[in-house]
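Let me begin by presenting the structure, written as structure tokens, before commenting on it.
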Amino acid sequence: MLDVNALKAQDLQGLSQSAMVELATEMLARIAAMNTLLQARDKQAAEHAQEIKFKDTKLERITHELARLKAWKFGAKTERMNAGQRQMFEETAAEDEASLQAQLLALQGTSEPSTSPAAGTRRQPRRQPLPEHLRRVEHRHEPENTTCPSPGCGRAMVRIGEDVSERLDIVPAEFFVQRHVRGKWACKCCQLLVQEPVGPQIIDKGMPTSGLLAHTLVSRFVDHLPYYRQEQINARSGVHTPRSTLAAWSGAAGASLQPLYDAHRAFVLGAQVLHADETPVRMLDPGAGKTTKAYIWAYARGEHDRTPGVIYDFCAGRGAKYPMAFLQGWCGTITCDDYKAYDAVLRTEGRKEAGCLAHARRKFDELAKAHASPVAAQAIQRMAALYRIEQQAREMT
């Protein structure tokens, strides 16, 4: 067996033909082995490059998500004041300025602010006109004597015009009592008694009228006033309404509103296209002494329906069983996000899904703001063109 590594150029001259063939065969085998090794290394290098590219892409995505989460969590906690903080200080400054101005006028013995050059150059805010739908209470002010007071004249003066100023006033909430007097009429001959029946009430033989019940519901569920605060507010007018009583009133009023809710639910579910979404809310858990997470599911008629409508369903969780129960018997197209609970809802025959373009656009918008993809800006422009088409088609049949 020839040692190829030990051979030198001058040794090749003394080799026989068979030795030369053996040497060439071994060299070709080594070259083939080297080619195989090089191909394996090239393949391994390509795999490493692909793995590095995948890791770089994953790292870029994680970096983008981390930057977005930091913006959500720490964006409002910078040293610079946000709009809400600036508004709070501006309101406080306006209160202090008005108080000091009033004190200054009181010390000067005048009722009008001085018109100094500095005050004249400052741009005064324009006062918005008072709403036209408000009730107007008119007060007339005329001089007691309309005879010319000039010496030697004494003629009657002529009214040539008037100045009108309007100020905003309010009548606080006022409790009053509705007295219903139902007369009794009897026939002495026939022993017959006639009397008008009692009108329908939300709470039979109860104290509150429908107006007070509506006020209690709006204060609780629209203005978010707890019952104990309403109890304190009512007590200022000398009306005793314990919170337990207010809660009982609200429960009875809610039961009376159930037919209206059912009719509205039937109206919303009568649409062929529905938008669905859910949002978390905090729910008191008195037994545990803390709050738990609940959800309000919203179902709205299609964007292009002429008569809009939305209905809410309060649920204890976010599982698929809640929309499945609410949409039982409904068929059509449902517009929703990619939450997995909707997969079970869409398995029912006659239903199909329409993806939410707002959710899709949000991802491109985040990429565009981060300058992470040149395709994102183009996608946003195309979506804007779709929105313009929808706007034009909105008024069409």
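Every chain in the structure tokens has a letter given in the order shown (A, B, ...), and although residue numbers restart at 1 in each chain, ligands are simply numbered from 1 in the order shown.
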
Shell around range 316-321 of chain A at 6 Å using only C-alpha atoms, local window under 5 positions removed, as a list in words: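 The filter keeps Ala294, Tyr295 and Ala341 of chain A.
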
Write the residues of the preceding selection, restricted to all heavy atoms, as a PDB file, in the first residue's frame.
ATOM      1  N   ALA A 294     -65.158  39.731  35.804  1.00  0.00           N
ATOM      2  CA  ALA A 294     -66.319  39.292  35.038  1.00  0.00           C
ATOM      3  C   ALA A 294     -66.218  39.907  33.645  1.00  0.00           C
ATOM      4  O   ALA A 294     -65.265  40.641  33.347  1.00  0.00           O
ATOM      5  CB  ALA A 294     -67.615  39.706  35.732  1.00  0.00           C
ATOM      6  N   TYR A 295     -67.188  39.606  32.798  1.00  0.00           N
ATOM      7  CA  TYR A 295     -67.128  40.072  31.408  1.00  0.00           C
ATOM      8  C   TYR A 295     -68.487  40.577  30.962  1.00  0.00           C
ATOM      9  O   TYR A 295     -69.529  40.049  31.365  1.00  0.00           O
ATOM     10  CB  TYR A 295     -66.658  38.958  30.470  1.00  0.00           C
ATOM     11  CG  TYR A 295     -65.195  38.625  30.620  1.00  0.00           C
ATOM     12  CD1 TYR A 295     -64.766  37.695  31.561  1.00  0.00           C
ATOM     13  CD2 TYR A 295     -64.241  39.270  29.846  1.00  0.00           C
ATOM     14  CE1 TYR A 295     -63.424  37.409  31.719  1.00  0.00           C
ATOM     15  CE2 TYR A 295     -62.900  38.980  29.990  1.00  0.00           C
ATOM     16  CZ  TYR A 295     -62.494  38.054  30.919  1.00  0.00           C
ATOM     17  OH  TYR A 295     -61.160  37.777  31.069  1.00  0.00           O
ATOM     18  N   ALA A 341     -62.783  31.326  21.668  1.00  0.00           N
ATOM     19  CA  ALA A 341     -64.136  30.970  22.089  1.00  0.00           C
ATOM     20  C   ALA A 341     -65.124  31.061  20.937  1.00  0.00           C
ATOM     21  O   ALA A 341     -66.155  30.368  20.932  1.00  0.00           O
ATOM     22  CB  ALA A 341     -64.588  31.875  23.235  1.00  0.00           C
TER      23      ALA A 341
END

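Using only C-alpha atoms, the shortest contact distance between Val198 in chain A and any of A:Arg182, A:Arg361, A:Arg282, A:Arg140 is found at A:Arg182.
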
From a DSSP pass on the backbone, collect the residues of range 207-317 of chain A flagged as strand (DSSP E) and hand them back as a PyMOL selection string. chain A and resi 273-285+290-301+310-315

8 Å contact set for range 207-215 of chain A, only C-alpha atoms, chain neighbours under 3 positions out, as an NGL selection string: :A and (201-203 or 218-219 or 249-250 or 253)
